[in-house]
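S.K.: One structure, as structure tokens, below. Some questions next.
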Amino acid sequence: MGRHSLPDERGTAAPDPRPRARVRTVAIATALVLMVAGGAAAAVRGGLLSFGDTCGDDAVRLHVVAAPDVSPALREAADDAREKEITSDGHCIDVRVTARDSYEVAAELRAGKGDPEYDVWVPDSDLWVERVGLGAKRAKISPAGNIASSPVAIGMVPTAAASLGWPKKTYDWPQLAEAATKGDKLRLGAADPARSATGLLALAKLGASAKKQGGEEGNTRAAAMAKALSARTADSDGRLLDTLARDGSGAEQGNPRRNQALILSEQAAYAHNASAGEENSLDLFYPKDGSPRLDYPYTLVEDDRMSTDTSRAALRFMTMFSDEDGKQILTEHGFRTDPDEPSDELVAAAGGRAPQPYADEATEPPSDKQLQETLGMWTITVQSARLSTVVDASESMRQLVPGRNQSRMEVTKASLLQALAGFTDEDEIGLWEFATSLDGTRDYRELQPTRRLGGRKGGVTHRDKLSEAFGALQPVPGGATGLYDTTLAAYKKARSTYASGKFNALVILTDGANQDPDSISRSSLLSQLKGLTDPKEPVPIIAIAVGPEADKDEAEQIAGATGGSGHQVDDPAQIHAVILKAIMEAGSNQG
């Protein structure tokens, strides 16, 4: 969905402080010109709207819903309009501004249920406007321009910033995130990317930078950072600053529940610093690989149903932010009105200092596809998981790993225990082992059912039982690889116990091809797996081929039949990273 300002009228159009790289078509702007009885935009161009005449008898009432951060500035502008008797077509404009989180309004408009009780929506980012556009029954919205901008940065309490060499030392996004999520010395918080444009834009940039630097390894790195960040995520932007250490005392700074660094907008830091005092103020790091920006699109809602007076009043209110008084109001509330020449005073008040690259051009905005993939990755990486883990216990798992004085099974167990540590108590994980004829004629047996890790039975948690079961895994003397029958049985069990609202998957680790002559064929297995899949209740197989004898092509075919992914590792120590990567890929596919 495009963004635009009124055509051919630079003196009266709303300011457009968006990144230059994101200039789009003006198709919607043209549509605005043609709207309602002669068109409000045409009226602006033709000078038919009064910009300062005496008010008429009846004020035109306008209801604006806006993101909480920009609402105070809009209210001040509305008060200014009343005091100065600014009019539209001879009528005073009476603007009422309501603060609402952008994600809530986007969900409401995307669902298209009922008639919205507001005329204008000003979210903090164009990504919410695009989110509405994905709804099949969405309400009609018409972006008319962008009234302000604010770059996304990382703010830190002074002691934390000094420990990283602020302001002289600069970092890119992955370096800052890694420094702040490594251990517990520097705690980094963010707002939930599913509910925060700041969080989502930062996570998308973090992922793009990590991938650019490290390719596929960068993907895994980004997923690991997302997982670490999720433990310190606030529900929304409004609650994020509440997680910050309240003062410089040792008790507050050392409190593990308090953050010392936050991913936030420059404007949020500005507003915080205005009342925090020097000791509790934030210093801003502007990542040297570029900062995404919030861009505050001024959006008309169901404008085809508006009266001519209301639509003209809506556009008149927007034009106020292109004049000096309107720009001053925005600046005093911490917003940028010129993306190319940010106010040094504003930046300093927000916590920015040279040589931090606060004046650099905004980073290229992520594409819709990148945002969807990022959100999918986040959702799957941080939501509760239900994983059934199936481990090859055949004789070949006794072989030593090259360069290590450990067997494949020993290294596999250590990697699984490492992976287990990354899951929360709300995650559900189980364990099977397989070889041939392990349990009578069956090639497999369940060692631990798939249950909540934090659940207790007999005073012992399921996590403890699972850790013990992982540690007790041993290769079966003379055991071969009964891969096909095991995979089918495990997948049927995973499908029949699907847990709604969780990321469900079956993880299979094997170091060889199927060696059971009495099992079903590969073609039969693939056919039955495809028949069992349900797109509405996805249970992808994550198949990991361990060692040089493992068949990666077979792993990919088996996993692919369920919408999952196949991988090969030469060293079982890589299993932990591969599981993270596979979860991220599954998240992107389901997003």
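Each chain of the structure tokens is named A, B, ... in the order shown, its residues numbered from 1; ligands are numbered from 1 in display order.
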Report as number ranges by chain all protein, DNA and RNA residues lying within 12 Å of region 498-505 of chain A, evaluated on only C-alpha atoms, omitting residues in the same chain fewer than 6 positions from it.
M.R.: A: 376-390, 426-430, 450-452, 490-492, 533-534, 536-543, 559, 562-565, 579, 582-584, 586-587, 590-591
S.K.: Show which residues sit within 12 Å of Gly165 (chain A), as a VMD selection string. Count only C-alpha atoms, and ignore same-chain residues fewer than 5 positions away.
M.R.: chain A and resid 156 158 to 160 170 to 171 176 283 to 285 355 to 356
S.K.: CA of Gly112 (chain A) and CA of Lys137 (chain A), how far apart in Å?
M.R.: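 One can read the CA of Lys137 (chain A) to CA of Gly112 (chain A) distance as 5.2 Å.
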S.K.: What's around Glu395 (chain A) at 8 Å? Count only C-alpha atoms, leave out sequence neighbours fewer than 2 positions away in its own chain, and write the answer as a ChimeraX atom specification.
M.R.: /A:393,397-398,475-480
S.K.: Take CA of Thr487 (chain A) and CA of Ser523 (chain A) and report the distance between them in Å, one decimal.
M.R.: 13.0 Å
S.K.: CA of Pro297 (chain A) and CA of Pro339 (chain A), how far apart in Å?
M.R.: 14.6 Å
S.K.: Can you pull out the residues contacting Ser265 (chain A)? Cut-off 7 Å, using only C-alpha atoms, and skip same-chain residues under 6 positions away; I want them as a ChimeraX atom specification.
M.R.: /A:150-153,198
S.K.: List the spatial neighbours of Leu294 (chain A) as number ranges by chain - criterion: any atom at most 12 Å away, only C-alpha atoms, same-chain residues fewer than 2 positions off excluded.
M.R.: A: 16-19, 67, 69-70, 102, 122-128, 146-153, 196-202, 264-268, 291-292, 296-297, 335-337, 339, 362-363, 365
S.K.: Once DSSP has gone over the backbone, tell me which residues of region 310-439 of chain A are in strand (DSSP E or B), as a ChimeraX atom specification.
M.R.: /A:336,385-392,400,407,428-439
S.K.: Enumerate the residues of region 467-584 of chain A with a DSSP assignment of helix (DSSP H, G or I), computed from the backbone, and present them as a VMD selection string.
M.R.: chain A and resid 467 to 472 483 to 496 522 to 532 552 to 560 572 to 584
S.K.: Could you check which of A:Leu416, A:Ala313, A:Ala177, A:Ala228 is closest to Ile86 (chain A), using only C-alpha atoms?
M.R.: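 Distance minimum relative to Ile86 (chain A) lands on A:Ala313.
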S.K.: I'd like to know which of A:Pro174, A:Gly145, A:Pro402, A:Gly512 is closest to Ala435 (chain A), using only C-alpha atoms.
M.R.: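 Closest residue, counting only C-alpha atoms: A:Gly512.
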S.K.: Using only C-alpha atoms, pick whichever of A:Asp247, A:Glu76, A:Asp303, A:Glu178 has the shortest atom-to-atom distance to Val120 (chain A).
M.R.: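 Closest to Val120 (chain A) of all the choices is A:Asp303.
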